[in-house]
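Worksheet: one structure, shown below.
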Amino acid sequence: MSFIRLLQAEFQKIRRSHIIWLLLAATVLLWVPSVANAHLNFEMQAEGISPEHNFFIQGFLGFCWFLFPSCMVVVTVMLNQAERNNRGILKMLTLPVSTSRLCLAKFFILLTLAALQILLAVGIYLLSAAIASKTQAYPFLLPQAFLWKEAGLIFITAVPMLSVFWMLSVCIRIPVFAIGAGLAGIVPSVLAINTKIWFLDPMAYPFYALTAEYGRLAAHLPAFEIAFIPWIPVSLLLTAGCLWISCLCFGQAERR
């Protein structure tokens with residue numbers, strides 16, 4: 001079975017699940033407080049950042065630190081459990097396809113769902129900013145080029161994090177333990193970004209990148225510097241290592 005056929009089969013499974021509704025509901029809840037407290041963004045002008053940039057950054061900081069990673073933890077487990085329930089993974093393993101290819105196809109689906117949630121976050125931001133602009137009589141909408149640049153940055157920096165979550169969901173068969181392990185890795189990211197070895201924590205990557213952008217936009221706040229060396233080599237090694245372990249472990253328990 002070709003990789004394209006595998007992807008088509010996986011997308012069919014997603015259409016029958018509640019994953020997309022979960023991502024949408026969580027993202028909507030993120031922006032409700034931002035709209036309700038839109039007036040507070042004017043107070044941040046003392047820090048050298050415009051209200052419209054602060055509205056965007058504050059919302060997406062919460063998104064990158066906890067909401068997005070926690071949703072991805074749940075999604076990875078749901079993707080694996082969809083196969084393990086009713087022993088569906090055994091049926092897939094009887095097909096003429098390698099377990100590594102099947103594992104990578106599912107990881108590609110995870111990347112697609114991550115991109116979808118980021119797109120949902122941008123879309124709901126646009127709606128929220130339009131509502132805030134009406135209620136506060138101030139233009140909160142930012143240029144499209146800036147929005148899509150930040151969205152692309154969040155997605156790219158999230159790939160190593162997603163590979164870790166995928167590895168945990170493959171290697172830890174009990175769902176509650178897999179979710180617990182993933183969530184336990186999210187919280188320390190706030191501490192990790194304040195250390196010199198933050199690049200060793202993939203869960204901190206999206207949050208660190210956006211925090212660095214915050215420091216660049218706010219003239220009176222300390223800025224985080226992004227050193228691409230050793231960040232890029234380390235992130236590539238972590239991603240490759242996690243995917244390699246995932247491919248080795250995927251379906252091994254069912255084969256026994």
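In the structure tokens, chains take the letters A, B, ... in the order shown, each chain's residues start at 1, and ligands count up from 1 in the order shown.
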| Selection: 8 Å around range 212-223 of chain A, only C-alpha atoms, excl. self and same-chain fewer than 3 positions, as number ranges by chain | A: 46-49, 53, 57, 208-209, 226
| Secondary structure check, helix (DSSP H, G or I) residues of range 37-254 of chain A, as a PyMOL selection string | chain A and resi 38-47+51-93+99-136+144-171+175-186+189-192+198-200+202-217+228-249+252-254
| request: Mind checking which residues fall within 9 Å of Ile179 in chain A, counting only C-alpha atoms, ignoring those fewer than 6 positions away in the same chain, and posting them as a ChimeraX atom specification? | output: /A:70,73-74,76-77,165,168-169
Could I get the residues of range 11-53 of chain A with an atom no further than 8 Å from an atom of range 116-137 of chain A, each paired with its nearest atom pair and that distance in Å to one decimal, using only C-alpha atoms, sorted by chain and residue number, as a Markdown table?
```
| residue | atom | partner | partner_atom | distance |
| --- | --- | --- | --- | --- |
| A:Leu23 | CA | A:Gln117 | CA | 6.0 |
| A:Leu24 | CA | A:Leu120 | CA | 6.8 |
| A:Thr27 | CA | A:Ala121 | CA | 5.9 |
| A:Val28 | CA | A:Ile124 | CA | 6.7 |
| A:Trp31 | CA | A:Ser128 | CA | 6.7 |
| A:Val32 | CA | A:Ser128 | CA | 7.9 |
| A:Ser34 | CA | A:Ser128 | CA | 7.8 |
| A:Val35 | CA | A:Ala132 | CA | 5.7 |
| A:Ala38 | CA | A:Ala132 | CA | 6.2 |
| A:His39 | CA | A:Gln136 | CA | 6.8 |
```
Take the selection from the previous step and output its residues with N, CA and C atoms, as a PDB file, in the first residue's frame.
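Writing done, so here's part27.pdb:
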```pdb
ATOM      1  N   LEU A  23     -10.507  20.457  18.948  1.00  0.00           N
ATOM      2  CA  LEU A  23      -9.563  21.536  18.653  1.00  0.00           C
ATOM      3  C   LEU A  23     -10.280  22.879  18.522  1.00  0.00           C
ATOM      4  N   LEU A  24     -11.436  22.868  17.875  1.00  0.00           N
ATOM      5  CA  LEU A  24     -12.182  24.107  17.682  1.00  0.00           C
ATOM      6  C   LEU A  24     -12.678  24.668  19.006  1.00  0.00           C
ATOM      7  N   THR A  27      -9.856  26.142  21.130  1.00  0.00           N
ATOM      8  CA  THR A  27      -9.321  27.385  20.570  1.00  0.00           C
ATOM      9  C   THR A  27     -10.280  28.550  20.791  1.00  0.00           C
ATOM     10  N   VAL A  28     -11.574  28.303  20.678  1.00  0.00           N
ATOM     11  CA  VAL A  28     -12.559  29.362  20.927  1.00  0.00           C
ATOM     12  C   VAL A  28     -12.457  29.839  22.373  1.00  0.00           C
ATOM     13  N   TRP A  31      -9.773  32.569  23.277  1.00  0.00           N
ATOM     14  CA  TRP A  31      -9.878  33.975  22.913  1.00  0.00           C
ATOM     15  C   TRP A  31     -11.008  34.704  23.629  1.00  0.00           C
ATOM     16  N   VAL A  32     -11.866  33.985  24.351  1.00  0.00           N
ATOM     17  CA  VAL A  32     -12.955  34.651  25.070  1.00  0.00           C
ATOM     18  C   VAL A  32     -12.413  35.642  26.105  1.00  0.00           C
ATOM     19  N   SER A  34      -9.586  37.179  26.095  1.00  0.00           N
ATOM     20  CA  SER A  34      -8.889  38.272  25.401  1.00  0.00           C
ATOM     21  C   SER A  34      -9.862  39.342  24.942  1.00  0.00           C
ATOM     22  N   VAL A  35     -11.020  38.922  24.453  1.00  0.00           N
ATOM     23  CA  VAL A  35     -12.034  39.888  24.013  1.00  0.00           C
ATOM     24  C   VAL A  35     -12.625  40.608  25.215  1.00  0.00           C
ATOM     25  N   ALA A  38     -10.094  43.227  26.575  1.00  0.00           N
ATOM     26  CA  ALA A  38      -9.365  43.939  25.522  1.00  0.00           C
ATOM     27  C   ALA A  38      -8.860  45.302  25.996  1.00  0.00           C
ATOM     28  N   HIS A  39      -9.572  45.921  26.911  1.00  0.00           N
ATOM     29  CA  HIS A  39      -9.175  47.258  27.382  1.00  0.00           C
ATOM     30  C   HIS A  39      -7.831  47.246  28.111  1.00  0.00           C
TER      31      HIS A  39
END
```
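Residues with any atom within 12 Å of Val190 in chain A, counting only C-alpha atoms and excluding same-chain neighbours fewer than 3 positions away, are Leu61, Gly62, Cys64, Trp65, Phe66, Gly185, Ile186, Val187, Ile193, Asn194, Thr195, Trp198, Asp201, Pro202, Met203, Ala204, Tyr205, Pro206, Phe207, Tyr208 and Thr211 of chain A.
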| request: Name the closest residue to Leu248 in chain A among the candidates A:Leu236, A:Cys103, A:Ala181, A:Ile154; distances are taken between atoms, counting only C-alpha atoms. | output: A:Cys103
| field | Separation of CA of Ala26 in chain A from CA of Ile14 in chain A in Å | value |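 Between CA of Ile14 in chain A and CA of Ala26 in chain A the gap works out to 17.5 Å.
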| field | Atomic separation - CA of Phe199 in chain A relative to CA of Val234 in chain A, Å | value |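 These two atoms are separated by 7.1 Å.
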| query | Out of A:Gln12, A:Ser246, A:Gln45, A:Asn80, which residue has the shortest atom-to-atom distance to Arg173 in chain A when counting only C-alpha atoms? | reply |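 Among the listed residues, A:Asn80 lies closest to Arg173 in chain A.
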